[in-house]
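What follows is the content of model_3.cif, which has mmCIF, C-alpha atoms:
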data_upload
#
loop_
_atom_site.label_atom_id
_atom_site.label_comp_id
_atom_site.auth_asym_id
_atom_site.auth_seq_id
_atom_site.Cartn_x
_atom_site.Cartn_y
_atom_site.Cartn_z
CA PHE A 1 32.31 21.61 16.89
CA CYS A 2 30.76 20.07 19.99
CA ARG A 3 33.84 20.72 22.12
CA LYS A 4 33.37 24.47 21.74
CA CYS A 5 29.75 24.40 22.86
CA ALA A 6 29.19 26.15 26.17
CA LYS A 7 26.03 24.09 26.77
CA LYS A 8 25.34 20.44 26.22
CA GLU A 9 22.27 21.41 24.14
CA PHE A 10 23.68 23.03 21.00
CA GLY A 11 20.44 23.17 18.98
CA SER A 12 16.69 22.65 19.03
CA ILE A 13 13.79 22.11 16.66
CA ASP A 14 10.34 23.49 17.43
CA PRO A 15 7.59 21.58 15.56
CA ARG A 16 4.72 23.66 16.91
CA TYR A 17 4.63 25.93 13.86
CA SER A 18 4.79 23.19 11.27
CA VAL A 19 2.19 23.43 8.49
CA ILE A 20 2.34 19.67 7.80
CA ASP A 21 -0.64 18.64 9.90
CA GLU A 22 -0.79 15.01 8.76
CA TRP A 23 2.74 14.23 9.95
CA ASP A 24 4.32 13.90 13.38
CA LEU A 25 7.96 14.76 14.04
CA GLU A 26 9.30 11.50 15.41
CA SER A 27 12.96 12.47 15.84
CA ALA A 28 15.79 14.41 14.28
CA ARG A 29 19.34 13.46 13.38
CA ILE A 30 22.45 15.59 12.84
CA GLU A 31 25.45 13.97 11.19
CA PHE A 32 28.94 15.48 11.10
CA GLY A 33 31.44 13.98 8.71
CA SER A 34 32.88 14.23 5.26
CA SER A 35 31.47 13.67 1.81
CA ASN A 36 32.03 10.52 -0.18
CA ALA A 37 35.15 10.80 -2.33
CA GLY A 38 33.70 8.38 -4.86
CA SER A 39 30.94 10.85 -5.79
CA SER A 40 33.47 13.57 -6.71
CA ARG A 41 35.35 13.68 -10.01
CA SER A 42 38.46 14.94 -8.26
CA GLN A 43 38.17 12.26 -5.56
CA THR A 44 38.08 15.04 -2.94
CA THR A 45 36.26 14.94 0.38
CA TYR A 46 34.61 17.97 1.95
CA PRO A 47 33.32 18.67 5.47
CA MET A 48 29.61 17.95 5.69
CA ILE A 49 26.74 18.52 8.09
CA ILE A 50 23.46 16.69 7.45
CA LEU A 51 20.24 17.45 9.32
CA ARG A 52 17.53 14.83 8.86
CA LEU A 53 14.02 15.23 10.22
CA LYS A 54 12.36 11.89 10.90
CA ILE A 55 8.60 12.22 10.45
CA LYS A 56 5.80 9.67 10.30
CA ARG A 57 2.27 9.93 9.00
CA ARG A 58 -0.65 10.00 11.40
CA TRP A 59 -2.20 6.64 10.59
CA LYS A 60 -5.19 6.54 12.94
CA VAL A 61 -7.30 8.82 10.75
CA PHE A 62 -6.87 6.41 7.82
CA MET A 63 -7.76 3.48 10.05
CA TRP A 64 -11.10 5.01 11.01
CA ASN A 65 -11.93 6.70 7.71
CA ILE A 66 -11.03 3.82 5.41
CA VAL A 67 -10.57 0.49 7.17
CA PHE A 68 -13.47 0.88 9.60
CA LEU A 69 -15.91 2.16 6.98
CA MET A 70 -14.88 -0.52 4.50
CA LEU A 71 -15.40 -3.10 7.24
CA CYS A 72 -18.91 -1.74 7.79
CA ILE A 73 -19.71 -2.05 4.08
CA GLU A 74 -18.49 -5.65 4.03
CA CYS A 75 -20.54 -6.49 7.12
CA LEU A 76 -23.63 -4.91 5.54
CA ALA A 77 -23.06 -7.13 2.51
CA CYS A 78 -23.60 -10.15 4.76
CA THR A 79 -27.15 -8.93 5.38
CA CYS A 80 -27.95 -10.02 1.81
CA PHE A 81 -28.26 -13.56 3.13
CA ALA A 82 -31.37 -12.50 5.07
CA LEU A 83 -33.20 -12.44 1.71
CA GLU A 84 -34.21 -15.62 -0.08
CA PRO A 85 -31.78 -16.34 -2.97
CA ILE A 86 -34.54 -17.47 -5.39
CA GLU A 87 -37.80 -15.73 -4.44
CA GLU A 88 -36.10 -12.45 -3.50
CA GLY A 89 -33.12 -12.80 -5.80
CA SER A 90 -33.74 -9.48 -7.58
CA ASP A 91 -33.90 -7.52 -4.32
CA ARG A 92 -30.83 -9.29 -3.01
CA LEU A 93 -28.91 -8.62 -6.22
CA GLY A 94 -29.94 -4.96 -6.13
CA LEU A 95 -28.66 -4.65 -2.57
CA SER A 96 -25.35 -6.25 -3.56
CA ILE A 97 -24.88 -3.92 -6.53
CA THR A 98 -25.74 -0.91 -4.35
CA LEU A 99 -23.05 -1.87 -1.83
CA VAL A 100 -20.48 -2.36 -4.60
CA LEU A 101 -21.23 1.07 -6.05
CA THR A 102 -21.09 2.55 -2.56
CA ALA A 103 -17.63 1.07 -2.04
CA VAL A 104 -16.44 2.39 -5.42
CA ALA A 105 -17.73 5.90 -4.69
CA PHE A 106 -16.23 5.73 -1.21
CA LEU A 107 -12.78 4.84 -2.54
CA HIS A 108 -12.99 7.58 -5.18
CA ILE A 109 -13.57 10.14 -2.43
CA VAL A 110 -10.90 8.95 -0.01
CA LYS A 111 -8.30 8.55 -2.79
CA SER A 112 -7.99 12.34 -2.95
CA GLY A 113 -6.68 12.37 0.63
CA LEU A 114 -4.22 9.49 0.21
CA PRO A 115 -0.59 9.87 -0.88
CA ASN A 116 -0.20 9.77 -4.65
CA VAL A 117 2.30 6.95 -5.04
CA PRO A 118 3.01 4.87 -8.19
CA TYR A 119 2.62 1.51 -6.48
CA MET A 120 0.07 -0.54 -4.58
CA THR A 121 0.08 0.16 -0.86
CA PHE A 122 -0.98 -2.24 1.87
CA LEU A 123 -4.15 -0.19 2.32
CA ASP A 124 -4.96 -0.54 -1.40
CA PHE A 125 -4.72 -4.32 -1.13
CA TYR A 126 -7.19 -4.23 1.77
CA VAL A 127 -9.71 -2.12 -0.14
CA TYR A 128 -9.49 -4.16 -3.35
CA THR A 129 -9.85 -7.39 -1.38
CA GLY A 130 -13.06 -5.94 0.02
CA TYR A 131 -14.23 -5.34 -3.55
CA LEU A 132 -13.60 -8.99 -4.40
CA PHE A 133 -15.63 -10.02 -1.36
CA LEU A 134 -18.59 -7.87 -2.45
CA MET A 135 -18.31 -9.14 -6.02
CA ALA A 136 -18.29 -12.76 -4.80
CA ILE A 137 -21.59 -12.24 -2.96
CA MET A 138 -23.11 -10.57 -6.01
CA VAL A 139 -21.99 -13.36 -8.36
CA GLU A 140 -23.26 -16.04 -5.95
CA THR A 141 -26.62 -14.30 -5.72
CA ALA A 142 -26.95 -14.02 -9.50
CA ALA A 143 -25.95 -17.67 -9.99
CA LEU A 144 -28.43 -19.04 -7.43
CA ALA A 145 -31.23 -16.83 -8.74
CA GLY A 146 -30.61 -18.01 -12.31
CA LEU A 147 -30.41 -21.69 -11.35
CA GLY A 148 -33.53 -21.40 -9.19
CA LYS A 149 -35.58 -19.84 -11.99
CA SER A 150 -34.60 -22.63 -14.38
CA GLN A 151 -35.74 -25.32 -11.93
CA GLU A 152 -38.49 -23.50 -10.06
CA PHE A 153 -40.80 -26.55 -10.02
CA ASP A 154 -38.20 -28.93 -8.56
CA GLN A 155 -38.52 -28.43 -4.78
CA ASP A 156 -35.64 -30.76 -3.94
CA TYR A 157 -33.34 -28.79 -6.19
CA LEU A 158 -34.50 -25.52 -4.63
CA ASP A 159 -33.81 -26.91 -1.17
CA HIS A 160 -30.34 -27.89 -2.35
CA LEU A 161 -29.70 -24.32 -3.55
CA THR A 162 -30.84 -23.01 -0.17
CA ARG A 163 -28.35 -25.28 1.60
CA VAL A 164 -25.62 -24.08 -0.77
CA ASP A 165 -26.53 -20.48 0.06
CA ASN A 166 -26.41 -21.19 3.80
CA GLY A 167 -23.00 -22.80 3.42
CA PHE A 168 -21.73 -19.81 1.44
CA MET A 169 -23.01 -17.49 4.16
CA ILE A 170 -21.03 -19.40 6.80
CA LEU A 171 -18.00 -19.27 4.51
CA CYS A 172 -18.32 -15.49 4.14
CA LEU A 173 -18.66 -14.92 7.88
CA THR A 174 -15.66 -17.16 8.59
CA TYR A 175 -13.66 -15.36 5.92
CA GLN A 176 -14.47 -11.96 7.40
CA LEU A 177 -13.33 -13.04 10.85
CA LEU A 178 -10.11 -14.75 9.76
CA TYR A 179 -9.23 -12.12 7.17
CA HIS A 180 -9.37 -9.21 9.60
CA ILE A 181 -7.40 -11.12 12.23
CA ILE A 182 -4.68 -11.82 9.65
CA PHE A 183 -4.92 -8.23 8.41
CA PHE A 184 -4.32 -6.94 11.94
CA PHE A 185 -1.12 -8.93 12.44
CA ILE A 186 0.20 -8.12 8.96
CA ALA A 187 -0.55 -4.42 9.52
CA VAL A 188 1.40 -4.47 12.79
CA ASN A 189 4.34 -6.13 11.04
CA VAL A 190 4.26 -3.64 8.14
CA ARG A 191 4.15 -0.69 10.54
CA ARG A 192 7.09 -2.12 12.47
CA LYS A 193 9.17 -2.44 9.29
CA GLU A 194 8.29 1.09 8.23
CA ALA A 195 9.25 2.41 11.67
CA LEU A 196 12.77 0.98 11.22
CA LYS A 197 13.33 3.54 8.45
CA LEU A 198 13.23 6.29 11.07
CA VAL A 199 16.63 5.23 12.44
CA LEU A 200 18.50 4.92 9.13
CA ASP A 201 21.64 6.97 8.69
CA SER A 202 22.66 8.77 5.49
CA ASP A 203 24.65 5.86 4.07
CA SER A 204 21.79 3.43 4.70
CA ILE A 205 19.29 5.78 3.06
CA GLU A 206 21.53 6.19 0.02
CA GLU A 207 21.91 2.42 -0.25
CA GLU A 208 18.14 1.97 0.01
CA VAL A 209 17.56 4.52 -2.75
CA ASN A 210 20.21 2.97 -4.99
CA LEU A 211 18.56 -0.44 -4.68
CA SER A 212 15.09 0.88 -5.53
CA ARG A 213 16.28 3.27 -8.26
CA PRO A 214 19.58 2.00 -9.66
CA ALA A 215 21.62 4.34 -11.82
CA LEU A 216 22.06 3.71 -15.56
CA GLU A 217 25.45 3.66 -17.20
CA PHE A 218 26.78 3.21 -20.74
CA ASP A 219 29.50 0.79 -21.80
CA PHE A 220 31.47 1.82 -24.90
CA ARG A 221 32.11 -1.87 -25.65
CA GLU A 222 28.37 -2.49 -26.10
CA GLY A 223 27.88 -0.12 -29.04
CA ASP A 224 26.13 -1.03 -32.26
CA ARG A 225 25.25 0.62 -35.53
CA GLN A 226 21.80 0.98 -37.03
CA GLY A 227 19.98 3.02 -39.59
CA GLU A 228 20.53 3.53 -43.27
CA GLY A 229 24.06 2.61 -44.19
CA LYS A 230 24.83 1.91 -40.51
CA ARG A 231 25.30 5.63 -39.99
CA LEU A 232 23.91 5.69 -36.42
CA LEU A 233 26.05 4.51 -33.54
CA TYR A 234 24.03 3.86 -30.42
CA PHE A 235 24.68 2.61 -26.91
CA LYS A 236 22.08 1.04 -24.65
CA ALA A 237 22.21 1.92 -20.97
CA PHE A 238 22.37 -0.84 -18.36
CA GLN A 239 21.53 -0.75 -14.69
CA ARG A 240 24.57 -0.22 -12.55
CA PRO A 241 25.14 -3.24 -10.27
CA PRO A 242 24.81 -2.48 -6.53
CA ASN A 243 27.98 -1.78 -4.62
CA THR A 244 28.88 -4.80 -2.51
CA ASP A 245 31.86 -3.25 -0.76
#

Would you kindly transcribe this structure into structure tokens?
Amino acid sequence: FCRKCAKKEFGSIDPRYSVIDEWDLESARIEFGSSNAGSSRSQTTYPMIILRLKIKRRWKVFMWNIVFLMLCIECLACTCFALEPIEEGSDRLGLSITLVLTAVAFLHIVKSGLPNVPYMTFLDFYVYTGYLFLMAIMVETAALAGLGKSQEFDQDYLDHLTRVDNGFMILCLTYQLLYHIIFFFIAVNVRRKEALKLVLDSDSIEEEVNLSRPALEFDFREGDRQGEGKRLLYFKAFQRPPNTD
């Protein structure tokens, strides 16, 4: 095919008129070859041309719309420590609950713009970890307020609760700093692994799909009878083992 081309450029792809705005065309791949004889009942191979468009999602919009705003909500949660845990416990608890509800409503809105996938993504783990952080502050506030009300006439005990609250505040600030540093490096590593999928050939893609969604097959030697009078013969399907050739 290529020997008969008068020009060295024998094709082109123009992405300017693409209607998929949230994706960027990273590269394209044309493969010339023959089909796999093992996938044909007659064990016959056929000439084959495969055109694969390698696209990647524009991730910066999700970084600003989700990660940055969630970070702001978590930082605002740290302002709860400006209120006294015992005397202003109700106001502090109300602020914590408001921030939790804000985060829940925020995720409900942004979920409509995220890919609908049947598994937890790395971004989902980040958001749900932020929920746990907000819940921890709310639980700590409720616990200190309850303990302070039960011992409101013991000043030494109240001072001890204040020191505990100050220590928890330092713990939260340290957690926020370390967590987002670790999140940054893990995100870079995840993005690098995902980018490697853009250079996979057809055989590698098929192998990847077979590992994630193995085929089911029936074995006539594994049959059994059930039902009234053993009148039903059934076979249970098993996952086909991966090809190690």

Inset, instruction - Find the distance between CA of Thr141 (chain A) and CA of Gln155 (chain A) and write it in Å to one decimal. - result: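 For CA of Thr141 (chain A) relative to CA of Gln155 (chain A), the distance reads 18.5 Å.
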
Legend entry - Interatomic distance (Å, one decimal) between CA of Val199 (chain A) and CA of Glu22 (chain A):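 Interatomic distance, CA of Val199 (chain A) to CA of Glu22 (chain A): 20.3 Å.
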
Inset, instruction - Measuring atom to atom with all atoms listed in the file, identify which of A:Gly229, A:Glu26, A:Val100, A:Ala237 is nearest to Pro214 (chain A). - result: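 Comparing A:Gly229, A:Glu26, A:Val100, A:Ala237 against Pro214 (chain A), the winner is A:Ala237.
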
Legend entry - Separation of CA of Val127 (chain A) from CA of Leu107 (chain A) in Å: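 We find that CA of Leu107 (chain A) and CA of Val127 (chain A) lie 8.0 Å from each other.
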
Inset, instruction - Rank nothing, just name the residue among A:Phe183, A:Lys149, A:Cys80, A:Asp224 nearest to Phe125 (chain A), using only C-alpha atoms. - result: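 Of A:Phe183, A:Lys149, A:Cys80, A:Asp224, the one nearest Phe125 (chain A) is A:Phe183, counting only C-alpha atoms.
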
Legend entry - Nearest to Glu84 (chain A), chosen from A:Arg52, A:His180, A:Arg16, A:Arg163, with all atoms listed in the file counted in the distances: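 Between A:Arg52, A:His180, A:Arg16, A:Arg163, the residue approaching Glu84 (chain A) most closely is A:Arg163.
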
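Proximity to Gln176 (chain A) was assessed for A:Cys75, A:Gly227, A:Ala103, A:Phe238 counting all atoms listed in the file; the smallest distance is recorded for A:Cys75.
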
Inset, instruction - List, as a list of chain:residue names, every residue that the PyMOL selection byres ((chain A and resi 104) around 12) selects in the file provided. - result: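 This file, filtered by the PyMOL selection byres ((chain A and resi 104) around 12), leaves A:Met70, A:Ile73, A:Ile97, A:Thr98, A:Leu99, A:Val100, A:Leu101, A:Thr102, A:Ala103, A:Ala105, A:Phe106, A:Leu107, A:His108, A:Ile109, A:Val110, A:Lys111, A:Val127, A:Tyr128, A:Gly130, A:Tyr131, A:Leu132, A:Leu134, A:Met135.
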
Legend entry - Minimum-distance residue to Thr129 (chain A), chosen among A:Glu31, A:Glu74, A:Glu88, A:Asp203 (using all atoms listed in the file):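 Of the candidates, the smallest distance to Thr129 (chain A) is held by A:Glu74.
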
Contacts of Gly33 (chain A) at 9 Å (all atoms listed in the file; same-chain gap of 6+ positions) as a PDB file with C-alpha atoms, keeping the file's coordinate frame:
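The resulting part19.pdb:
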ATOM      1  CA  TYR A  46      34.610  17.970   1.950  1.00  0.00           C
ATOM      2  CA  PRO A  47      33.320  18.670   5.470  1.00  0.00           C
ATOM      3  CA  MET A  48      29.610  17.950   5.690  1.00  0.00           C
ATOM      4  CA  ILE A  49      26.740  18.520   8.090  1.00  0.00           C
ATOM      5  CA  ILE A  50      23.460  16.690   7.450  1.00  0.00           C
TER       6      ILE A  50
END

Inset, instruction - Taking the file as shown, find all residues satisfying the PyMOL selection byres ((chain A and resi 235) around 7) and write them as a PyMOL selection string. - result: chain A and resi 218+222-224+234+236-237

Contacts of Phe184 (chain A) at 12 Å or less, counting all atoms listed in the file, minus same-chain residues fewer than 4 places along, as a compact mmCIF listing (two decimals) with C-alpha atoms, in the frame of the given file?
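Output file around.txt is given in full below:
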# COMPACT_ATOMS: atom_id res chain seq x y z
CA MET A 63 -7.76 3.48 10.05
CA VAL A 67 -10.57 0.49 7.17
CA PHE A 122 -0.98 -2.24 1.87
CA LEU A 123 -4.15 -0.19 2.32
CA TYR A 126 -7.19 -4.23 1.77
CA LEU A 177 -13.33 -13.04 10.85
CA LEU A 178 -10.11 -14.75 9.76
CA TYR A 179 -9.23 -12.12 7.17
CA HIS A 180 -9.37 -9.21 9.60
CA VAL A 188 1.40 -4.47 12.79
CA ASN A 189 4.34 -6.13 11.04
CA VAL A 190 4.26 -3.64 8.14
CA ARG A 191 4.15 -0.69 10.54

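Minimum atom-to-atom distance to Leu147 (chain A), evaluated using all atoms listed in the file, belongs to A:Ile86 out of A:Ala187, A:Leu171, A:Ile86, A:Ile13.
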
Inset, instruction - For the structure shown, which residues end up in the PyMOL selection byres ((chain A and resi 161) around 9)? Put them as an MDAnalysis selection string, please? - result: chainID A and resid 85:86 144 147:148 156:160 162:166
